[in-house]
Amino acid sequence: MIYIVILIGILAFWQLIKVYEYATIINGSEEETVTESDTRFNAKMMMVFCVAFFVFCIWNFWMYQDSLLPPSASEYGKALDTLFNFNMIIIGFVFFIVNAVLFYFASKYYYRKENKATFFAHSSKLEMIWTIVPAIVLTVIIIYGLKVWNNITAPVNPNETIQMELYAQQFAWTARYGGKDNTLGKSNYRLITDNNPLALVVEDPNNGDDKLVKGEFHIPIGKMVQFKLRSRDVIHSAFMPHFSAQMNCVPGMETEMHFVPIYTTIQMREMTKNPKFNYILLCNKICGAAHYNMQMDIIVESEEDYNKWLATKKTFAETMSATPDEPKVESVKEEMKKYTAITATVEEVKVEEKK
Ligand SMILES: [Cu+2]
């Protein structure tokens, strides 16, 4: 409805301009509709607009700098930030030059009766310049970008990392630690039950000591963490913005990423002057009705504190022996109940919105 009103408004305005044009033609000769003083005024306005536009752009950058992410909290993030700034400096430089020249020429060569345009069909020299210069700049940007990306994605020795898994499902994350042996055991999607939501193979000895956590997970400062990513249902994306890390979680396959956290949560709270600051894991693929709810807090702390925290968590073997699996039919019923509950909430929200 709003779009239709805007469209009709534009049409009406267009017709008014036409009426004005016809009226001036009827009143005098057509040439007099554009006078030199008009175009001189337009020329001045071009420069005024150019300056106002630049001031507005700079003000925007300055005004909203707080909305940007704080300094990246991972080693790779630092390299990515430098890459980003390098690109922004080049883009910014070109942006200001091109716009300044554009408005300056529009202003300088405004319409004058006695002026005649120069006929200028071709200049090989000029074409060489505007082809070769951008080609060199783009090559530098691409090679630099590829180098940084290759460093970030280079394979790591699993023995020198903390082995973790982030398991995505509609609409929650589960974090799994490799446990004492620092090895993630095998899984098979056919084994999913209420007590074994990650479908871990019970017989695999690597699984017994694995630890599953929800709500928040901890990682130690200065240690490489290698994340394996899985999804139960649709494509999700594990996004940890403060570490400049993101990777898709794809059903039926395992993806991977790794980074080294360099500031603890407490250090970051001091740096951002925000006592409530927390690192966060988000889902960055719109995966369904409660997508926004797929979040998990991340606590970065000393290795000592991390070990203490992890020691309080139950192993997979312990949880399995404490609550043996119910028949699969029950869990399917539960899932259906949950699904109906979510759809009902969505319907309620829709009704609320309509009101
Ligand atoms: Cu998701």
# chains A, B, ... in the order shown; residues from 1 in each chain; ligands from 1
call {"tool": "residues_around", "arguments": {"residues": "range 305-311 of chain A", "least_positions_apart": "3", "cutoff": "7 Å", "atoms": "only C-alpha atoms", "output": "list in words"}}
result
His218, Ile219, Pro220, Glu301 and Ser302 of chain A
call {"tool": "select_by_dssp", "arguments": {"residues": "range 75-238 of chain A", "states": "helix (DSSP H, G or I)", "output": "ChimeraX atom specification"}}
result
/A:75-108,124-153,158-160,189-191
call {"tool": "write_last_selection", "arguments": {"atoms": "C-alpha atoms", "output": "tab-separated table (two decimals), in the first residue's frame"}}
result
chain	number	residue	atom	x	y	z
A	75	GLU	CA	45.42	-13.96	16.28
A	76	TYR	CA	43.82	-14.54	12.87
A	77	GLY	CA	41.31	-11.80	13.57
A	78	LYS	CA	44.18	-9.31	13.88
A	79	ALA	CA	45.45	-10.31	10.42
A	80	LEU	CA	41.91	-10.03	9.01
A	81	ASP	CA	41.45	-6.59	10.59
A	82	THR	CA	44.69	-5.36	8.96
A	83	LEU	CA	43.51	-6.78	5.62
A	84	PHE	CA	40.15	-5.04	6.05
A	85	ASN	CA	41.77	-1.69	6.94
A	86	PHE	CA	44.15	-1.98	3.98
A	87	ASN	CA	41.16	-2.47	1.64
A	88	MET	CA	39.19	0.34	3.28
A	89	ILE	CA	42.10	2.81	2.84
A	90	ILE	CA	42.30	2.03	-0.91
A	91	ILE	CA	38.50	2.16	-1.32
A	92	GLY	CA	38.28	5.39	0.70
A	93	PHE	CA	41.05	7.06	-1.32
A	94	VAL	CA	39.39	6.14	-4.65
A	95	PHE	CA	35.95	7.15	-3.33
A	96	PHE	CA	37.05	10.67	-2.38
A	97	ILE	CA	39.11	11.26	-5.56
A	98	VAL	CA	36.40	9.99	-7.96
A	99	ASN	CA	33.57	11.92	-6.30
A	100	ALA	CA	35.61	15.14	-5.97
A	101	VAL	CA	36.54	15.01	-9.68
A	102	LEU	CA	32.98	14.10	-10.70
A	103	PHE	CA	31.40	17.08	-8.94
A	104	TYR	CA	34.25	19.44	-9.85
A	105	PHE	CA	33.87	18.79	-13.60
A	106	ALA	CA	30.10	18.98	-13.45
A	107	SER	CA	30.51	22.34	-11.78
A	108	LYS	CA	33.36	23.71	-13.94
A	124	SER	CA	45.12	4.88	-26.05
A	125	LYS	CA	47.31	6.43	-23.35
A	126	LEU	CA	44.30	7.18	-21.13
A	127	GLU	CA	42.82	3.72	-21.66
A	128	MET	CA	46.14	2.10	-20.78
A	129	ILE	CA	46.27	4.08	-17.54
A	130	TRP	CA	42.75	3.25	-16.38
A	131	THR	CA	43.19	-0.42	-17.23
A	132	ILE	CA	46.68	-1.07	-15.86
A	133	VAL	CA	46.44	0.91	-12.60
A	134	PRO	CA	43.26	-0.83	-11.29
A	135	ALA	CA	44.63	-4.20	-12.52
A	136	ILE	CA	47.80	-3.75	-10.43
A	137	VAL	CA	45.84	-2.57	-7.36
A	138	LEU	CA	43.37	-5.51	-7.63
A	139	THR	CA	46.22	-8.01	-8.03
A	140	VAL	CA	47.86	-6.69	-4.85
A	141	ILE	CA	44.55	-6.88	-2.92
A	142	ILE	CA	43.78	-10.43	-4.14
A	143	ILE	CA	47.28	-11.83	-3.49
A	144	TYR	CA	47.40	-10.24	-0.03
A	145	GLY	CA	43.87	-11.57	0.73
A	146	LEU	CA	44.70	-15.11	-0.44
A	147	LYS	CA	47.88	-15.12	1.66
A	148	VAL	CA	45.96	-14.17	4.81
A	149	TRP	CA	43.20	-16.70	4.06
A	150	ASN	CA	45.73	-19.51	3.40
A	151	ASN	CA	47.38	-18.79	6.76
A	152	ILE	CA	44.03	-18.93	8.55
A	153	THR	CA	42.88	-22.16	6.92
A	158	PRO	CA	45.43	-31.78	16.28
A	159	ASN	CA	47.75	-32.76	19.16
A	160	GLU	CA	48.67	-29.11	19.69
A	189	TYR	CA	22.89	-39.81	12.96
A	190	ARG	CA	20.77	-42.99	13.30
A	191	LEU	CA	21.63	-43.06	17.01
call {"tool": "residues_around", "arguments": {"residues": "Thr264 in chain A", "least_positions_apart": "5", "cutoff": "12 Å", "atoms": "only C-alpha atoms", "output": "list in words"}}
result
Ser72, Ala73, Ser74, His218, Ile219, Pro220, Ile221, Gly222, Lys223, His242, Phe243, Arg269, Glu270, Met271, Phe277, Asn278, Tyr279, Ile298, Ile299, Val300, Glu301, Ser302, Glu303, Asp305 and Tyr306 of chain A
call {"tool": "write_last_selection", "arguments": {"atoms": "C-alpha atoms", "output": "mmCIF file, in the first residue's frame"}}
result
data_model
loop_
_atom_site.group_PDB
_atom_site.id
_atom_site.type_symbol
_atom_site.label_atom_id
_atom_site.label_comp_id
_atom_site.auth_asym_id
_atom_site.auth_seq_id
_atom_site.Cartn_x
_atom_site.Cartn_y
_atom_site.Cartn_z
ATOM 1 C CA SER A 72 39.627 -8.785 17.313
ATOM 2 C CA ALA A 73 40.192 -11.312 20.105
ATOM 3 C CA SER A 74 42.033 -13.906 18.016
ATOM 4 C CA HIS A 218 34.819 -22.083 28.075
ATOM 5 C CA ILE A 219 38.146 -21.935 26.221
ATOM 6 C CA PRO A 220 41.610 -21.100 27.585
ATOM 7 C CA ILE A 221 43.586 -18.036 26.475
ATOM 8 C CA GLY A 222 46.602 -18.534 24.194
ATOM 9 C CA LYS A 223 45.720 -22.094 23.120
ATOM 10 C CA HIS A 242 34.686 -11.170 18.253
ATOM 11 C CA PHE A 243 37.158 -13.798 17.023
ATOM 12 C CA ARG A 269 35.386 -6.213 29.564
ATOM 13 C CA GLU A 270 38.094 -3.722 30.596
ATOM 14 C CA MET A 271 38.989 -2.917 26.967
ATOM 15 C CA PHE A 277 30.536 -7.921 27.835
ATOM 16 C CA ASN A 278 30.497 -11.587 26.807
ATOM 17 C CA TYR A 279 31.911 -13.344 23.770
ATOM 18 C CA ILE A 298 31.846 -18.092 25.299
ATOM 19 C CA ILE A 299 34.099 -17.540 28.302
ATOM 20 C CA VAL A 300 37.826 -17.077 27.655
ATOM 21 C CA GLU A 301 39.887 -17.558 30.822
ATOM 22 C CA SER A 302 43.228 -18.818 32.134
ATOM 23 C CA GLU A 303 44.066 -22.472 31.462
ATOM 24 C CA ASP A 305 40.249 -21.785 35.445
ATOM 25 C CA TYR A 306 39.296 -23.561 32.235
#
call {"tool": "residues_near_ligand", "arguments": {"ligand": "ligand 1", "cutoff": "8 Å", "atoms": "only C-alpha atoms and all ligand atoms", "output": "list in words"}}
result
Ala168, Gln169, Gln170, Phe171, Ala172, Val234, Ile235, His236, Ser237, Cys283, Asn284, Lys285, Ile286, Cys287, Gly288, His291, Tyr292 and Met294 of chain A
call {"tool": "atom_distance", "arguments": {"atom1": "CA of Trp62 in chain A", "atom2": "CA of Lys273 in chain A"}}
result
18.8 Å
call {"tool": "decode", "arguments": {"residues": "range 123-149 of chain A", "atoms": "N, CA and C atoms", "output": "PDB file, in the first residue's frame"}}
result
ATOM      1  N   SER A 123      41.674   7.795 -26.746  1.00  0.00           N
ATOM      2  CA  SER A 123      43.048   8.051 -26.318  1.00  0.00           C
ATOM      3  C   SER A 123      43.615   6.762 -25.750  1.00  0.00           C
ATOM      4  N   SER A 124      44.538   6.164 -26.485  1.00  0.00           N
ATOM      5  CA  SER A 124      45.120   4.884 -26.050  1.00  0.00           C
ATOM      6  C   SER A 124      45.849   5.042 -24.727  1.00  0.00           C
ATOM      7  N   LYS A 125      46.526   6.186 -24.566  1.00  0.00           N
ATOM      8  CA  LYS A 125      47.307   6.428 -23.353  1.00  0.00           C
ATOM      9  C   LYS A 125      46.384   6.381 -22.129  1.00  0.00           C
ATOM     10  N   LEU A 126      45.262   7.112 -22.239  1.00  0.00           N
ATOM     11  CA  LEU A 126      44.297   7.184 -21.131  1.00  0.00           C
ATOM     12  C   LEU A 126      43.731   5.800 -20.809  1.00  0.00           C
ATOM     13  N   GLU A 127      43.403   5.046 -21.876  1.00  0.00           N
ATOM     14  CA  GLU A 127      42.822   3.723 -21.662  1.00  0.00           C
ATOM     15  C   GLU A 127      43.807   2.772 -21.004  1.00  0.00           C
ATOM     16  N   MET A 128      45.101   2.917 -21.406  1.00  0.00           N
ATOM     17  CA  MET A 128      46.141   2.099 -20.777  1.00  0.00           C
ATOM     18  C   MET A 128      46.199   2.388 -19.284  1.00  0.00           C
ATOM     19  N   ILE A 129      46.159   3.705 -18.955  1.00  0.00           N
ATOM     20  CA  ILE A 129      46.274   4.083 -17.537  1.00  0.00           C
ATOM     21  C   ILE A 129      45.112   3.498 -16.731  1.00  0.00           C
ATOM     22  N   TRP A 130      43.869   3.691 -17.226  1.00  0.00           N
ATOM     23  CA  TRP A 130      42.752   3.247 -16.385  1.00  0.00           C
ATOM     24  C   TRP A 130      42.506   1.741 -16.457  1.00  0.00           C
ATOM     25  N   THR A 131      43.261   1.040 -17.266  1.00  0.00           N
ATOM     26  CA  THR A 131      43.188  -0.422 -17.231  1.00  0.00           C
ATOM     27  C   THR A 131      44.302  -0.989 -16.352  1.00  0.00           C
ATOM     28  N   ILE A 132      45.523  -0.469 -16.559  1.00  0.00           N
ATOM     29  CA  ILE A 132      46.680  -1.065 -15.865  1.00  0.00           C
ATOM     30  C   ILE A 132      46.688  -0.727 -14.368  1.00  0.00           C
ATOM     31  N   VAL A 133      46.381   0.528 -14.020  1.00  0.00           N
ATOM     32  CA  VAL A 133      46.444   0.915 -12.596  1.00  0.00           C
ATOM     33  C   VAL A 133      45.470   0.082 -11.745  1.00  0.00           C
ATOM     34  N   PRO A 134      44.156   0.014 -12.102  1.00  0.00           N
ATOM     35  CA  PRO A 134      43.259  -0.831 -11.288  1.00  0.00           C
ATOM     36  C   PRO A 134      43.677  -2.302 -11.301  1.00  0.00           C
ATOM     37  N   ALA A 135      44.211  -2.789 -12.448  1.00  0.00           N
ATOM     38  CA  ALA A 135      44.625  -4.197 -12.522  1.00  0.00           C
ATOM     39  C   ALA A 135      45.727  -4.484 -11.505  1.00  0.00           C
ATOM     40  N   ILE A 136      46.695  -3.557 -11.392  1.00  0.00           N
ATOM     41  CA  ILE A 136      47.795  -3.750 -10.428  1.00  0.00           C
ATOM     42  C   ILE A 136      47.242  -3.718  -8.990  1.00  0.00           C
ATOM     43  N   VAL A 137      46.389  -2.713  -8.727  1.00  0.00           N
ATOM     44  CA  VAL A 137      45.838  -2.574  -7.361  1.00  0.00           C
ATOM     45  C   VAL A 137      45.039  -3.832  -6.987  1.00  0.00           C
ATOM     46  N   LEU A 138      44.192  -4.314  -7.911  1.00  0.00           N
ATOM     47  CA  LEU A 138      43.373  -5.508  -7.634  1.00  0.00           C
ATOM     48  C   LEU A 138      44.248  -6.741  -7.408  1.00  0.00           C
ATOM     49  N   THR A 139      45.319  -6.861  -8.207  1.00  0.00           N
ATOM     50  CA  THR A 139      46.221  -8.006  -8.032  1.00  0.00           C
ATOM     51  C   THR A 139      46.825  -7.992  -6.628  1.00  0.00           C
ATOM     52  N   VAL A 140      47.272  -6.802  -6.196  1.00  0.00           N
ATOM     53  CA  VAL A 140      47.859  -6.687  -4.849  1.00  0.00           C
ATOM     54  C   VAL A 140      46.826  -7.104  -3.797  1.00  0.00           C
ATOM     55  N   ILE A 141      45.599  -6.573  -3.906  1.00  0.00           N
ATOM     56  CA  ILE A 141      44.547  -6.885  -2.921  1.00  0.00           C
ATOM     57  C   ILE A 141      44.265  -8.386  -2.890  1.00  0.00           C
ATOM     58  N   ILE A 142      44.143  -9.008  -4.076  1.00  0.00           N
ATOM     59  CA  ILE A 142      43.777 -10.430  -4.138  1.00  0.00           C
ATOM     60  C   ILE A 142      44.902 -11.305  -3.590  1.00  0.00           C
ATOM     61  N   ILE A 143      46.161 -10.994  -3.974  1.00  0.00           N
ATOM     62  CA  ILE A 143      47.283 -11.831  -3.489  1.00  0.00           C
ATOM     63  C   ILE A 143      47.414 -11.705  -1.970  1.00  0.00           C
ATOM     64  N   TYR A 144      47.315 -10.475  -1.472  1.00  0.00           N
ATOM     65  CA  TYR A 144      47.401 -10.241  -0.029  1.00  0.00           C
ATOM     66  C   TYR A 144      46.259 -10.999   0.680  1.00  0.00           C
ATOM     67  N   GLY A 145      45.030 -10.895   0.142  1.00  0.00           N
ATOM     68  CA  GLY A 145      43.870 -11.572   0.733  1.00  0.00           C
ATOM     69  C   GLY A 145      44.042 -13.081   0.754  1.00  0.00           C
ATOM     70  N   LEU A 146      44.512 -13.644  -0.359  1.00  0.00           N
ATOM     71  CA  LEU A 146      44.704 -15.108  -0.441  1.00  0.00           C
ATOM     72  C   LEU A 146      45.750 -15.580   0.562  1.00  0.00           C
ATOM     73  N   LYS A 147      46.803 -14.756   0.726  1.00  0.00           N
ATOM     74  CA  LYS A 147      47.878 -15.121   1.664  1.00  0.00           C
ATOM     75  C   LYS A 147      47.321 -15.208   3.088  1.00  0.00           C
ATOM     76  N   VAL A 148      46.549 -14.181   3.462  1.00  0.00           N
ATOM     77  CA  VAL A 148      45.962 -14.169   4.814  1.00  0.00           C
ATOM     78  C   VAL A 148      45.029 -15.367   4.979  1.00  0.00           C
ATOM     79  N   TRP A 149      44.172 -15.615   3.985  1.00  0.00           N
ATOM     80  CA  TRP A 149      43.196 -16.701   4.064  1.00  0.00           C
ATOM     81  C   TRP A 149      43.895 -18.073   4.143  1.00  0.00           C
TER      82      TRP A 149
END
